[in-house]
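Written below as C-alpha cells is the structure these notes are about.
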Amino acid sequence: MFYFRYLGAELRRRKGRTVLTATCLALGVGLVVAVTALSAGLDEAQSEVLEPLTGVGTEMSVSRPMEIEQGGAPPDAGGGPIGLDDLGRAGEKFDTYRYVSTDTSFPAAKRKRVAAVDGVDATAVGLTLSVAHVSGVVPEQSASASSPAAGAPPTGSSASGGPPDSINFDTTIVSGVDTSNPDLGLLTASQITDGSYIAGTGDAVVSQSYATQEDLAVGDTVEVGGKDFDVVGISSGAVGGQPSDVYVELGRLQKLADLEGRVNSVEVRASSAGEVGAVSGRIESAFPGSEVTTSSDLADQVSGSLVDAKNLSGKLGTALAVVALIGAFGITTLVTLSSVAKRTRELGTLKAIGWRQWLVVRQVAGESVLQGLIGGLLGVAVGLAAAAAIGAAGISLDASLAPASGMPSPPGGGAPPGIGGPPGADAAASVASTVTLGAPVSPGVALTAICLAVAGGLIAGVFGGMRAARLRPAEALRSLG
Amino acid sequence: MTSVTSGTDTNGKRDTMSGNENDSIYRLDSVTKVYGSGATAVTALEGVDLGIASGELVAIVGSSGSGKSTLLQLLGGLDRPSAGRLALGGLELGRAGDADLAAIRLRTIGFVFQQFNLIPTLTAGENVEVAAAPLGFDGATLRDRAAAMLDRVGLAGRAGHLPSELSGGEQQRVAIARALVNEPEVLLADEPTGNLDSATGEQILGLLRELWRESGMTIVLVTHDPAIAADSPRVIRLADGRIAGEDREPLAGVG
Ligand SMILES: Nc1ncnc2c1ncn2[C@@H]1O[C@H](COP(=O)(O)OP(=O)(O)O)[C@@H](O)[C@H]1O
Ligand SMILES: [Mg+2]
C-alpha cells in the first residue's frame with residue numbers, strides 16, 4: 001500500500017522529528033507507567049501489611065461498643081469502679097483481678113444471628129478482656145474520701161494523691177479464642193510464628209510483643225487471672241488490628257471472668273471480598289448496636305513511611321504524570337504544527353497534483369499517530385525500566401497500624417481511682433511492619449500507556465491535519481516558489 | 001470522471017491548424033483575479049479573454065509580476081477567478097467545488113513547477129506513484145506505471161534514488177513523469193527551466209516538446225525566457241495582468 005510506504009518514509013527520513021516526538025511521548029507515558037506501577041506496588045505493600053490482620057480481605061470483626069447509658073455502666077463493664085474501700089481495711093494486704101471490656105458482651109448464641117446474614121461464610125466468637133491485677137496494701141485514707149469522680153486526673157495534688165507505692169497494678173489483654181475453627185477468629189493457626197496453636201484449656205499463645213516484653217518463650221508459663229497457662233505458641237498480628245497479649249481457650253477465660261456463655265466479638269468471613277461492604281451493612285442492621293470493622297477500615301489506620309509514600313505517589317506522582325503527559329502532548333502538537341508549516345510546499349504539491357483534502361489530512365495525522373505508537377512502545381519500555389529500577393532498589397517502607405479505639409481504658413469510671421491508667425497498652429495494641437517496595441506493571445497499564453501515546457499522536461495529528469486542510473494549494477506553491 | 005474534453009485527438013499526429021474555436025479545451029471570458037481586498041487589493045489579472053485549443057502548445061511570457069503564475073493557477077484549478085468565466089472542457093472551474101477541482105487536477109491536469117516540488121522523503125519512483133496512488137491501483141500496477149513513466153523521461157533505473165541524490169535536471173524529469181503518469185489532457189508548467197542551467201533547461205524543453213508531439217496533450221508553459229518563447233507555436237504576452245499581444249508561428253513545433 002503506497003500510503004503506508006509514504007508514512008514509513010516520512011518517519012524514517014525525518015528522523016529528528018520522529019525521535020523528538022516519540023521521545024517526548026515515551027517520557028510522558030513512561031512516567032505514567034512508572035507512577036502507576038509505583039502506586040500498584042504501594043497498594044501491594046499495604047495489603048501485605050494488612051494481610052495478616054485481615055485474612056484475604058473477606059474478614060471482618062463484629063463487636064458491640066459500649067453505650068454509656070444514663071443508668072450507669074452496663075453490668076458487664078468490669079464490675080464498676082474499683083473503690084479502695086472494696087479492697088479492705090487500711091493496712092490490709094490485697095490481691096485481686098478485675099476483668100474489664102470496652103465492648104459490651106453478649107450471649108455467644110447471638111453468633112447465629114450473624115451467621116444467618118446473607119453473604120456470611122463462617123463465623124467465630126471471641127472474648128477479649130483487659131485483665132487488671134491489683135495487689136498491695138490498702139493505704140491510709142478516710143472512707144468518705146474514696147471514689148473520686150470518674151475522669152479525675154490520675155495523678156494530682158488532691159487528697160486522693162498519686163498511686164501509692166504500696167499498690168501494684170498491671171494489665172494484660174487476654175483473648176478467649178474459639179478454637180473449634182483455627183482458620184477464623186481472634187487467633188488463627190496461620191498467625192502462629194513459633195510453637196503451635198491452642199490445643200487444650202491449659203494452653204496459651206502469647207503475642208510477639210508481649211513475649212519480648214515479658215521475656216517469654218514456648219515452654220514457659222504465663223499467669224492469667226491467677227492461673228498458670230503453658231505457653232505453646234507465639235503469634236504475629238491479630239485480626240482487627242488489636243492484638244491481645246495472651247490468647248487462651250474461650251471457655252477458660254469465660255470461667256475466669258465469670259462471663260460464662262458470653263462473648264464480645266464475632267469474627268466473620270464473607271463469601272466474597274467484593275461483598276464485604278454489603279455484608280457488613282446487613283450485619284449491622286441484623287444485630288442492633290453492633291459495629292463491623294472491615295479491612296478497608298483498617299487501611300485508613302495504617303501510618304508510617306508507607307502511607308507517606310502512598311500519599312506522595314497518589315498526589316505528587318499523579319500530578320507529575322499528568323503534567324508530563326500534557327507537556328508531551330503539547331510538544332508533539334507543536335512539533336507537528338511546525339512540521340506542517342515547514343512542509344507547506346510538499347503538502348500544497350500533494351493537493352495540486354490531485355490529492356483530496358482527506359488524503360492529505362490522513363497523511364499528516366497518520367504520521368503523528370504512528371509516532372505516538374512508537375512513543376507508546378518506547379514509553380512502556382521506559383516505564384518497565386523505571387519499575388524494574390524501583391524493584392531493584394529494594395526500598396523498604398515501614399507501616400504501623402494503630403488500633404481503631406483504645407482497647408483499654410474502659411469508660412464510665414472503670415479505671416481504678418488514684419491509680420495510673422494501664423501502662424503501655426496503646427503500644428501493645430498496634431502492629432508495626434516493614435515491607436519492601438515493588439512496582440509491578442500490568443499488561444492493562446502497558447496497553448493504556450500505548451493508547452495514551454497514540455491519543456497524544458492523534459491530538460497532534462488532528463491539529464496538524466486541520467492546518468494542512470486549511471492550506472490552499474495555490475498559496476502553498478507560491479509561498480516558497 | 002474520465003474526461004472533461006471532447007473531440008481531442010489523443011493518438012498522435014498533430015494538426016498544425018489547431019486552435020479553432022470548436023476544438024478549444026480552455027475558454028476564458030474577462031477573467032479577473034484580485035488578491036486581497038480594500039486598500040491592499042492587488043489585481044493580478046484583469047479582463048483576460050483567451051481560448052486554448054486542445055493539443056496546443058502555448059507559451060505565456062511577460063515580466064515578473066505580470067500575472068503569468070496567477071493565470072496558470074487558474075487554468076490548473078488551484079484557484080478560482082474573482083470575476084469572469086473560465087471553462088475547462090465544458091466545466092466552469094470558477095463554480096466547481098474543492099472536491100471536483102481536486103478530481104480534475106488528479107485526472108485531467110498535470111503540473112510541473114519551477115522548484116520541482118518533489119517529496120524529499122520519497123524515491124523517484126515513489127514521487128511518480130504519489131500522483132497515481134489516489135486512483136486506487138494496486139502496488140504492483142502503481143510501480144509498473146511509475147517505472148514506465150520514468151523510462152519515458154529518460155530515468156530508467158533511477159527509481160530508487162531520493163531527490164537529493166538526483167541532479168536538478170533529473171529531478172525535473174521525475175516531476176514531469178509525475179505530471180504525466182495519469183495521462184492528463186493538459187500539462188501546465190510554470191517556469192520549468194527557471195531553476196536549471198541553460199543546457200539542462202534546453203534538454204527539459206526538448207523532452208516536453210517530444211512528449212507533446214507524441215501524446216497530443218495540451219501544454220501551457222510559463223516562461224520569461226524569450227528563446228523558449230521563440231520556439232513555441234503560440235506565444236501569449238502578458239503585461240500588468242492583461243494580454244498585451246500574441247504571436248503564432250504555425251510551423252513551429254511540427255519539426
Ligand atoms: N497570494 C497573493 N496575494 C497577494 N498578491 C499576490 C498573490 N499572488 C500574486 N500576487 C500578486 O499578483 C501579481 C501577479 O503575480 P504572479 O502571477 O505571481 O506574476 P508572475 O508569475 O508573472 O511573476 C503580482 O503583483 C503579485 O505580487
Ligand atoms: Mg511566476
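Chain labels A, B, ... are given in the sequence in which chains occur in the C-alpha cells; within each chain residues are numbered consecutively from 1, and ligands are likewise numbered from 1 in the order shown.
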
Any chance you could tabulate, as a Markdown table, the residues of chain B at most 7 Å from chain A with each one's nearest atom pair and distance in Å to one decimal, using only C-alpha atoms, in chain and rising number order?
```
| residue | atom | partner | partner_atom | distance |
| --- | --- | --- | --- | --- |
| B:Gln73 | CA | A:Ala474 | CA | 6.7 |
| B:Leu78 | CA | A:Ala474 | CA | 5.3 |
| B:Asp79 | CA | A:Ala474 | CA | 6.2 |
| B:Ala99 | CA | A:Arg356 | CA | 6.6 |
| B:Ala102 | CA | A:Gly354 | CA | 4.7 |
| B:Ala103 | CA | A:Gly354 | CA | 6.0 |
| B:Arg105 | CA | A:Gly354 | CA | 4.7 |
| B:Leu106 | CA | A:Gly354 | CA | 3.8 |
| B:Gly110 | CA | A:Ile353 | CA | 6.8 |
| B:Phe111 | CA | A:Ile353 | CA | 6.7 |
| B:Gln115 | CA | A:Gly481 | CA | 6.6 |
| B:Asn117 | CA | A:Thr349 | CA | 6.6 |
| B:Ile119 | CA | A:Glu346 | CA | 6.0 |
| B:Thr121 | CA | A:Arg13 | CA | 5.8 |
| B:Leu122 | CA | A:Ala9 | CA | 6.4 |
| B:Ala131 | CA | A:Ile353 | CA | 6.2 |
| B:Ala133 | CA | A:Phe2 | CA | 6.6 |
| B:Pro134 | CA | A:Trp355 | CA | 6.7 |
| B:Gly139 | CA | A:Met1 | CA | 5.9 |
```

Grab the residues selected above and save them as a JSON list (two decimals), in the first residue's frame with N, CA and C atoms.
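Resulting contents of out10.json:
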```json
[["chain", "number", "residue", "atom", "x", "y", "z"],
["B", 73, "GLN", "N", -2.33, 29.13, -12.48],
["B", 73, "GLN", "CA", -3.04, 28.53, -11.34],
["B", 73, "GLN", "C", -4.54, 28.48, -11.58],
["B", 78, "LEU", "N", -6.27, 25.51, -9.30],
["B", 78, "LEU", "CA", -5.71, 25.69, -7.96],
["B", 78, "LEU", "C", -6.36, 26.87, -7.26],
["B", 79, "ASP", "N", -6.99, 27.69, -8.05],
["B", 79, "ASP", "CA", -7.62, 28.89, -7.52],
["B", 79, "ASP", "C", -8.78, 29.23, -8.44],
["B", 99, "ALA", "N", -13.72, 19.48, -4.13],
["B", 99, "ALA", "CA", -13.53, 18.06, -4.45],
["B", 99, "ALA", "C", -13.48, 17.86, -5.96],
["B", 102, "ALA", "N", -10.16, 19.03, -7.20],
["B", 102, "ALA", "CA", -9.12, 18.04, -6.88],
["B", 102, "ALA", "C", -9.18, 16.89, -7.88],
["B", 103, "ALA", "N", -10.39, 16.47, -8.21],
["B", 103, "ALA", "CA", -10.53, 15.35, -9.16],
["B", 103, "ALA", "C", -10.02, 15.74, -10.54],
["B", 105, "ARG", "N", -7.71, 18.02, -11.11],
["B", 105, "ARG", "CA", -6.25, 18.09, -11.02],
["B", 105, "ARG", "C", -5.63, 16.71, -11.05],
["B", 106, "LEU", "N", -6.36, 15.75, -10.48],
["B", 106, "LEU", "CA", -5.82, 14.40, -10.43],
["B", 106, "LEU", "C", -5.78, 13.74, -11.81],
["B", 110, "GLY", "N", -1.79, 17.95, -15.43],
["B", 110, "GLY", "CA", -0.50, 17.64, -14.82],
["B", 110, "GLY", "C", 0.24, 18.94, -14.56],
["B", 111, "PHE", "N", 0.92, 19.01, -13.42],
["B", 111, "PHE", "CA", 1.67, 20.22, -13.08],
["B", 111, "PHE", "C", 3.17, 19.97, -13.08],
["B", 115, "GLN", "N", 10.34, 24.79, -8.98],
["B", 115, "GLN", "CA", 11.18, 24.22, -7.91],
["B", 115, "GLN", "C", 11.10, 22.69, -7.86],
["B", 117, "ASN", "N", 9.38, 20.60, -6.76],
["B", 117, "ASN", "CA", 8.39, 20.20, -5.75],
["B", 117, "ASN", "C", 8.25, 18.70, -5.59],
["B", 119, "ILE", "N", 8.62, 15.24, -3.37],
["B", 119, "ILE", "CA", 8.55, 14.94, -1.94],
["B", 119, "ILE", "C", 9.94, 14.43, -1.53],
["B", 121, "THR", "N", 11.21, 12.95, 0.93],
["B", 121, "THR", "CA", 11.39, 11.67, 1.62],
["B", 121, "THR", "C", 11.07, 10.47, 0.74],
["B", 122, "LEU", "N", 10.57, 10.74, -0.45],
["B", 122, "LEU", "CA", 10.19, 9.63, -1.33],
["B", 122, "LEU", "C", 11.21, 9.48, -2.46],
["B", 131, "ALA", "N", 1.33, 10.45, -7.45],
["B", 131, "ALA", "CA", 0.29, 11.09, -8.25],
["B", 131, "ALA", "C", -0.78, 10.10, -8.68],
["B", 133, "ALA", "N", -1.45, 7.14, -6.94],
["B", 133, "ALA", "CA", -1.99, 6.39, -5.80],
["B", 133, "ALA", "C", -3.47, 6.67, -5.54],
["B", 134, "PRO", "N", -3.93, 7.95, -5.61],
["B", 134, "PRO", "CA", -5.35, 8.19, -5.33],
["B", 134, "PRO", "C", -6.30, 7.50, -6.31],
["B", 139, "GLY", "N", -0.36, -2.13, -5.65],
["B", 139, "GLY", "CA", 1.05, -1.77, -5.54],
["B", 139, "GLY", "C", 1.85, -2.07, -6.79]]
```

Would you write out, as a Markdown table, a table of all residues in chain B that have an atom no more than 7 Å from an atom of ligand 2, listing for each the closest atom pair and the distance in Å to one decimal, considering only C-alpha atoms and all ligand atoms and ordering rows by chain and rising residue number?
```
| residue | atom | partner | partner_atom_place_in_ligand_line | distance |
| --- | --- | --- | --- | --- |
| B:Ser64 | CA | ligand 2 | 1 (Mg) | 6.6 |
| B:Gly65 | CA | ligand 2 | 1 (Mg) | 6.8 |
| B:Lys68 | CA | ligand 2 | 1 (Mg) | 5.6 |
| B:Ser69 | CA | ligand 2 | 1 (Mg) | 4.2 |
| B:Asp190 | CA | ligand 2 | 1 (Mg) | 6.9 |
```

Selected residues written out with C-alpha atoms, as a compact mmCIF listing (two decimals), in the first residue's frame:
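Saved result, part22.txt, follows:
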```
# COMPACT_ATOMS: atom_id res chain seq x y z
CA SER B 64 7.88 39.28 -13.34
CA GLY B 65 4.62 40.15 -11.63
CA LYS B 68 1.70 34.51 -15.51
CA SER B 69 1.64 32.25 -12.47
CA ASP B 190 5.42 27.25 -14.51
```

Per-residue DSSP, stretch 216-311 of chain A, filtered to strand (DSSP E), as a tab-separated table (two decimals) with all heavy atoms, in the first residue's frame:
```
chain	number	residue	atom	x	y	z
A	221	THR	N	5.61	-20.58	81.33
A	221	THR	CA	4.22	-20.45	81.77
A	221	THR	C	3.90	-18.98	81.89
A	221	THR	O	4.78	-18.14	82.10
A	221	THR	CB	3.96	-21.14	83.12
A	221	THR	OG1	4.85	-20.57	84.08
A	221	THR	CG2	4.16	-22.63	83.03
A	222	VAL	N	2.62	-18.68	81.68
A	222	VAL	CA	2.17	-17.30	81.81
A	222	VAL	C	0.95	-17.31	82.72
A	222	VAL	O	0.15	-18.24	82.70
A	222	VAL	CB	1.87	-16.69	80.42
A	222	VAL	CG1	0.73	-17.42	79.73
A	222	VAL	CG2	1.55	-15.20	80.54
A	223	GLU	N	0.84	-16.28	83.56
A	223	GLU	CA	-0.25	-16.25	84.53
A	223	GLU	C	-1.39	-15.38	84.03
A	223	GLU	O	-1.16	-14.26	83.56
A	223	GLU	CB	0.28	-15.68	85.85
A	223	GLU	CG	-0.60	-16.02	87.03
A	223	GLU	CD	-0.34	-15.05	88.18
A	223	GLU	OE1	0.61	-15.26	88.92
A	223	GLU	OE2	-1.12	-14.08	88.29
A	224	VAL	N	-2.58	-15.92	84.04
A	224	VAL	CA	-3.76	-15.13	83.68
A	224	VAL	C	-4.78	-15.32	84.78
A	224	VAL	O	-5.18	-16.44	85.08
A	224	VAL	CB	-4.36	-15.58	82.33
A	224	VAL	CG1	-5.68	-14.85	82.07
A	224	VAL	CG2	-3.39	-15.36	81.19
A	227	LYS	N	-4.12	-17.90	87.37
A	227	LYS	CA	-3.93	-19.30	86.95
A	227	LYS	C	-2.75	-19.38	85.98
A	227	LYS	O	-2.54	-18.48	85.17
A	227	LYS	CB	-5.20	-19.81	86.23
A	227	LYS	CG	-6.45	-19.75	87.11
A	227	LYS	CD	-6.47	-20.91	88.11
A	227	LYS	CE	-7.77	-20.94	88.91
A	227	LYS	NZ	-7.94	-19.76	89.79
A	228	ASP	N	-2.00	-20.45	86.07
A	228	ASP	CA	-0.87	-20.64	85.17
A	228	ASP	C	-1.28	-21.35	83.89
A	228	ASP	O	-2.05	-22.30	83.93
A	228	ASP	CB	0.23	-21.46	85.86
A	228	ASP	CG	1.07	-20.59	86.79
A	228	ASP	OD1	0.93	-19.34	86.69
A	228	ASP	OD2	1.84	-21.15	87.58
A	229	PHE	N	-0.77	-20.82	82.78
A	229	PHE	CA	-1.02	-21.46	81.48
A	229	PHE	C	0.33	-21.80	80.86
A	229	PHE	O	1.32	-21.09	81.07
A	229	PHE	CB	-1.78	-20.52	80.55
A	229	PHE	CG	-3.22	-20.30	80.93
A	229	PHE	CD1	-3.57	-19.39	81.93
A	229	PHE	CD2	-4.23	-21.00	80.27
A	229	PHE	CE1	-4.89	-19.20	82.28
A	229	PHE	CE2	-5.55	-20.80	80.62
A	229	PHE	CZ	-5.89	-19.90	81.62
A	230	ASP	N	0.35	-22.87	80.04
A	230	ASP	CA	1.58	-23.22	79.32
A	230	ASP	C	1.64	-22.41	78.03
A	230	ASP	O	0.68	-22.40	77.26
A	230	ASP	CB	1.59	-24.71	78.92
A	230	ASP	CG	1.53	-25.59	80.16
A	230	ASP	OD1	2.11	-25.18	81.18
A	230	ASP	OD2	0.88	-26.66	80.09
A	231	VAL	N	2.74	-21.74	77.81
A	231	VAL	CA	2.91	-21.02	76.54
A	231	VAL	C	3.26	-22.06	75.47
A	231	VAL	O	4.32	-22.68	75.52
A	231	VAL	CB	4.02	-19.96	76.64
A	231	VAL	CG1	4.24	-19.29	75.29
A	231	VAL	CG2	3.66	-18.93	77.70
A	232	VAL	N	2.29	-22.27	74.53
A	232	VAL	CA	2.53	-23.27	73.48
A	232	VAL	C	2.89	-22.62	72.15
A	232	VAL	O	3.36	-23.30	71.24
A	232	VAL	CB	1.30	-24.19	73.28
A	232	VAL	CG1	1.02	-25.01	74.54
A	232	VAL	CG2	0.07	-23.37	72.88
A	233	GLY	N	2.67	-21.31	72.04
A	233	GLY	CA	2.98	-20.68	70.75
A	233	GLY	C	3.14	-19.17	70.87
A	233	GLY	O	2.74	-18.56	71.86
A	234	ILE	N	3.77	-18.61	69.85
A	234	ILE	CA	3.93	-17.16	69.74
A	234	ILE	C	3.18	-16.74	68.48
A	234	ILE	O	3.29	-17.41	67.44
A	234	ILE	CB	5.43	-16.78	69.58
A	234	ILE	CG1	6.31	-17.43	70.65
A	234	ILE	CG2	5.59	-15.25	69.55
A	234	ILE	CD1	6.18	-16.85	72.04
A	235	SER	N	2.45	-15.62	68.55
A	235	SER	CA	1.67	-15.21	67.37
A	235	SER	C	2.15	-13.87	66.83
A	235	SER	O	2.70	-13.05	67.56
A	235	SER	CB	0.19	-15.10	67.72
A	235	SER	OG	-0.05	-13.91	68.43
A	246	VAL	N	-2.23	-12.16	75.45
A	246	VAL	CA	-2.30	-13.60	75.70
A	246	VAL	C	-3.60	-14.15	75.12
A	246	VAL	O	-4.64	-13.50	75.20
A	246	VAL	CB	-2.26	-13.91	77.22
A	246	VAL	CG1	-2.27	-15.41	77.47
A	246	VAL	CG2	-1.04	-13.27	77.88
A	247	TYR	N	-3.51	-15.31	74.49
A	247	TYR	CA	-4.70	-15.99	73.96
A	247	TYR	C	-4.87	-17.31	74.71
A	247	TYR	O	-3.91	-18.07	74.82
A	247	TYR	CB	-4.54	-16.28	72.47
A	247	TYR	CG	-4.38	-15.03	71.63
A	247	TYR	CD1	-3.13	-14.47	71.40
A	247	TYR	CD2	-5.50	-14.41	71.07
A	247	TYR	CE1	-2.97	-13.34	70.64
A	247	TYR	CE2	-5.36	-13.26	70.30
A	247	TYR	CZ	-4.09	-12.73	70.09
A	247	TYR	OH	-3.97	-11.60	69.34
A	248	VAL	N	-6.07	-17.50	75.19
A	248	VAL	CA	-6.35	-18.79	75.83
A	248	VAL	C	-7.65	-19.33	75.26
A	248	VAL	O	-8.32	-18.65	74.48
A	248	VAL	CB	-6.47	-18.65	77.37
A	248	VAL	CG1	-5.14	-18.16	77.97
A	248	VAL	CG2	-7.60	-17.71	77.75
A	249	GLU	N	-8.01	-20.51	75.69
A	249	GLU	CA	-9.24	-21.12	75.19
A	249	GLU	C	-10.43	-20.31	75.74
A	249	GLU	O	-10.41	-19.86	76.89
A	249	GLU	CB	-9.27	-22.58	75.64
A	249	GLU	CG	-10.26	-23.45	74.90
A	249	GLU	CD	-11.57	-23.53	75.66
A	249	GLU	OE1	-11.53	-23.60	76.90
A	249	GLU	OE2	-12.62	-23.50	74.98
A	262	ARG	N	-20.79	-15.90	77.51
A	262	ARG	CA	-20.82	-14.58	76.88
A	262	ARG	C	-19.53	-14.31	76.11
A	262	ARG	O	-18.46	-14.80	76.46
A	262	ARG	CB	-21.04	-13.50	77.95
A	262	ARG	CG	-22.37	-13.64	78.64
A	262	ARG	CD	-22.61	-12.52	79.62
A	262	ARG	NE	-23.01	-11.28	78.98
A	262	ARG	CZ	-24.25	-11.00	78.59
A	262	ARG	NH1	-25.21	-11.90	78.75
A	262	ARG	NH2	-24.54	-9.84	78.04
A	263	VAL	N	-19.68	-13.54	75.05
A	263	VAL	CA	-18.54	-13.17	74.19
A	263	VAL	C	-18.67	-11.69	73.88
A	263	VAL	O	-19.71	-11.09	74.16
A	263	VAL	CB	-18.53	-13.99	72.88
A	263	VAL	CG1	-18.29	-15.47	73.16
A	263	VAL	CG2	-19.82	-13.78	72.10
A	265	SER	N	-17.05	-10.48	70.72
A	265	SER	CA	-16.79	-10.24	69.30
A	265	SER	C	-17.17	-11.47	68.48
A	265	SER	O	-17.16	-12.59	68.99
A	265	SER	CB	-15.32	-9.88	69.05
A	265	SER	OG	-14.52	-11.03	69.18
A	266	VAL	N	-17.56	-11.22	67.25
A	266	VAL	CA	-17.78	-12.31	66.30
A	266	VAL	C	-16.91	-12.00	65.10
A	266	VAL	O	-17.03	-10.94	64.49
A	266	VAL	CB	-19.26	-12.43	65.87
A	266	VAL	CG1	-19.44	-13.60	64.93
A	266	VAL	CG2	-20.16	-12.54	67.07
A	267	GLU	N	-16.00	-12.89	64.80
A	267	GLU	CA	-15.19	-12.74	63.59
A	267	GLU	C	-15.96	-13.38	62.44
A	267	GLU	O	-16.50	-14.47	62.59
A	267	GLU	CB	-13.83	-13.41	63.74
A	267	GLU	CG	-13.03	-12.94	64.96
A	267	GLU	CD	-12.88	-11.44	65.03
A	267	GLU	OE1	-12.46	-10.84	64.01
A	267	GLU	OE2	-13.21	-10.84	66.09
A	268	VAL	N	-16.03	-12.65	61.34
A	268	VAL	CA	-16.87	-13.10	60.23
A	268	VAL	C	-16.04	-13.19	58.96
A	268	VAL	O	-15.19	-12.34	58.70
A	268	VAL	CB	-18.03	-12.10	60.00
A	268	VAL	CG1	-18.87	-12.49	58.78
A	268	VAL	CG2	-18.89	-12.00	61.24
A	269	ARG	N	-16.28	-14.24	58.20
A	269	ARG	CA	-15.68	-14.29	56.87
A	269	ARG	C	-16.81	-14.21	55.84
A	269	ARG	O	-17.74	-15.01	55.88
A	269	ARG	CB	-14.89	-15.58	56.65
A	269	ARG	CG	-14.11	-15.53	55.33
A	269	ARG	CD	-13.52	-16.88	54.94
A	269	ARG	NE	-12.52	-17.34	55.88
A	269	ARG	CZ	-12.56	-18.51	56.48
A	269	ARG	NH1	-13.56	-19.34	56.26
A	269	ARG	NH2	-11.61	-18.86	57.31
A	270	ALA	N	-16.72	-13.22	54.95
A	270	ALA	CA	-17.73	-13.07	53.90
A	270	ALA	C	-17.43	-14.06	52.77
A	270	ALA	O	-16.28	-14.49	52.60
A	270	ALA	CB	-17.71	-11.65	53.35
A	291	GLU	N	-21.06	-3.13	65.67
A	291	GLU	CA	-20.23	-2.34	64.79
A	291	GLU	C	-19.30	-3.31	64.08
A	291	GLU	O	-18.70	-4.17	64.70
A	291	GLU	CB	-19.43	-1.34	65.61
A	291	GLU	CG	-18.85	-0.23	64.77
A	291	GLU	CD	-18.19	0.82	65.67
A	291	GLU	OE1	-18.92	1.69	66.17
A	291	GLU	OE2	-16.97	0.74	65.87
A	292	VAL	N	-19.21	-3.16	62.75
A	292	VAL	CA	-18.40	-4.09	61.96
A	292	VAL	C	-17.14	-3.38	61.50
A	292	VAL	O	-17.20	-2.29	60.95
A	292	VAL	CB	-19.20	-4.62	60.76
A	292	VAL	CG1	-18.36	-5.60	59.95
A	292	VAL	CG2	-20.49	-5.27	61.22
A	293	THR	N	-16.00	-3.99	61.75
A	293	THR	CA	-14.73	-3.44	61.29
A	293	THR	C	-14.25	-4.29	60.12
A	293	THR	O	-14.14	-5.51	60.24
A	293	THR	CB	-13.69	-3.48	62.42
A	293	THR	OG1	-14.27	-2.88	63.57
A	293	THR	CG2	-12.44	-2.73	62.02
A	294	THR	N	-14.00	-3.64	58.98
A	294	THR	CA	-13.53	-4.39	57.81
A	294	THR	C	-12.09	-3.98	57.50
A	294	THR	O	-11.57	-3.04	58.08
A	294	THR	CB	-14.40	-4.09	56.58
A	294	THR	OG1	-14.25	-2.71	56.27
A	294	THR	CG2	-15.87	-4.37	56.86
A	302	VAL	N	-3.58	2.77	58.78
A	302	VAL	CA	-2.17	2.48	58.61
A	302	VAL	C	-1.41	3.80	58.58
A	302	VAL	O	-1.84	4.77	57.99
A	302	VAL	CB	-1.93	1.71	57.31
A	302	VAL	CG1	-0.44	1.46	57.09
A	302	VAL	CG2	-2.67	0.39	57.35
A	303	SER	N	-0.28	3.83	59.27
A	303	SER	CA	0.56	5.02	59.22
A	303	SER	C	2.01	4.61	59.07
A	303	SER	O	2.34	3.44	59.14
A	303	SER	CB	0.37	5.85	60.49
A	303	SER	OG	0.77	5.09	61.60
```

Selected residue of minimal separation from A:Gly225 among A:Thr171, A:Ser272, A:Thr104, A:Thr336, counting only C-alpha atoms
A:Thr171

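Nearest residue to A:Val335, choosing from A:Arg470, A:Lys93, A:Arg17, A:Arg111 and counting only C-alpha atoms: A:Arg17.
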
Could you name the residues that touch stretch 47-62 of chain B at 7 Å or less, counting only C-alpha atoms, but leaving out those on the same chain fewer than 3 positions away, as a PyMOL selection string?
chain B and resi 8+18-20+23-32+66+68+216-224+229+232-239+242-243

Export, as a PDB file, in the first residue's frame, the selected residues with C-alpha atoms.
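File produced: part38.pdb:
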```pdb
ATOM      1  CA  THR B   8      -9.398  15.516 -28.567  1.00  0.00           C
ATOM      2  CA  SER B  18      -5.319  23.527 -34.158  1.00  0.00           C
ATOM      3  CA  GLY B  19      -6.678  26.395 -32.165  1.00  0.00           C
ATOM      4  CA  ASN B  20     -10.036  26.887 -33.803  1.00  0.00           C
ATOM      5  CA  ASP B  23     -11.760  22.359 -30.623  1.00  0.00           C
ATOM      6  CA  SER B  24     -10.944  24.586 -27.652  1.00  0.00           C
ATOM      7  CA  ILE B  25     -10.174  22.991 -24.321  1.00  0.00           C
ATOM      8  CA  TYR B  26      -9.930  26.270 -22.350  1.00  0.00           C
ATOM      9  CA  ARG B  27     -12.301  29.165 -22.710  1.00  0.00           C
ATOM     10  CA  LEU B  28     -11.644  32.345 -20.693  1.00  0.00           C
ATOM     11  CA  ASP B  29     -14.020  35.316 -20.746  1.00  0.00           C
ATOM     12  CA  SER B  30     -12.948  38.528 -18.993  1.00  0.00           C
ATOM     13  CA  VAL B  31     -11.173  36.632 -16.288  1.00  0.00           C
ATOM     14  CA  THR B  32     -10.091  38.837 -13.434  1.00  0.00           C
ATOM     15  CA  SER B  66       2.676  40.342 -14.878  1.00  0.00           C
ATOM     16  CA  LYS B  68       1.703  34.510 -15.514  1.00  0.00           C
ATOM     17  CA  GLY B 216      -1.408  15.166 -28.334  1.00  0.00           C
ATOM     18  CA  MET B 217      -1.932  16.765 -24.970  1.00  0.00           C
ATOM     19  CA  THR B 218      -2.286  20.483 -24.413  1.00  0.00           C
ATOM     20  CA  ILE B 219       0.708  22.203 -22.862  1.00  0.00           C
ATOM     21  CA  VAL B 220       0.718  25.645 -21.323  1.00  0.00           C
ATOM     22  CA  LEU B 221       4.193  26.789 -20.465  1.00  0.00           C
ATOM     23  CA  VAL B 222       5.045  29.890 -18.458  1.00  0.00           C
ATOM     24  CA  THR B 223       8.457  31.359 -19.122  1.00  0.00           C
ATOM     25  CA  HIS B 224      10.258  34.654 -19.142  1.00  0.00           C
ATOM     26  CA  ALA B 229       9.087  31.565 -26.334  1.00  0.00           C
ATOM     27  CA  SER B 232       6.756  27.856 -29.312  1.00  0.00           C
ATOM     28  CA  PRO B 233       3.967  27.712 -31.896  1.00  0.00           C
ATOM     29  CA  ARG B 234       1.888  30.171 -29.911  1.00  0.00           C
ATOM     30  CA  VAL B 235       3.095  32.849 -27.516  1.00  0.00           C
ATOM     31  CA  ILE B 236       0.852  34.954 -25.311  1.00  0.00           C
ATOM     32  CA  ARG B 237       2.392  38.073 -23.861  1.00  0.00           C
ATOM     33  CA  LEU B 238       1.118  39.314 -20.517  1.00  0.00           C
ATOM     34  CA  ALA B 239       1.711  42.749 -19.099  1.00  0.00           C
ATOM     35  CA  ARG B 242      -3.644  41.894 -19.332  1.00  0.00           C
ATOM     36  CA  ILE B 243      -2.928  40.157 -22.597  1.00  0.00           C
TER      37      ILE B 243
END
```
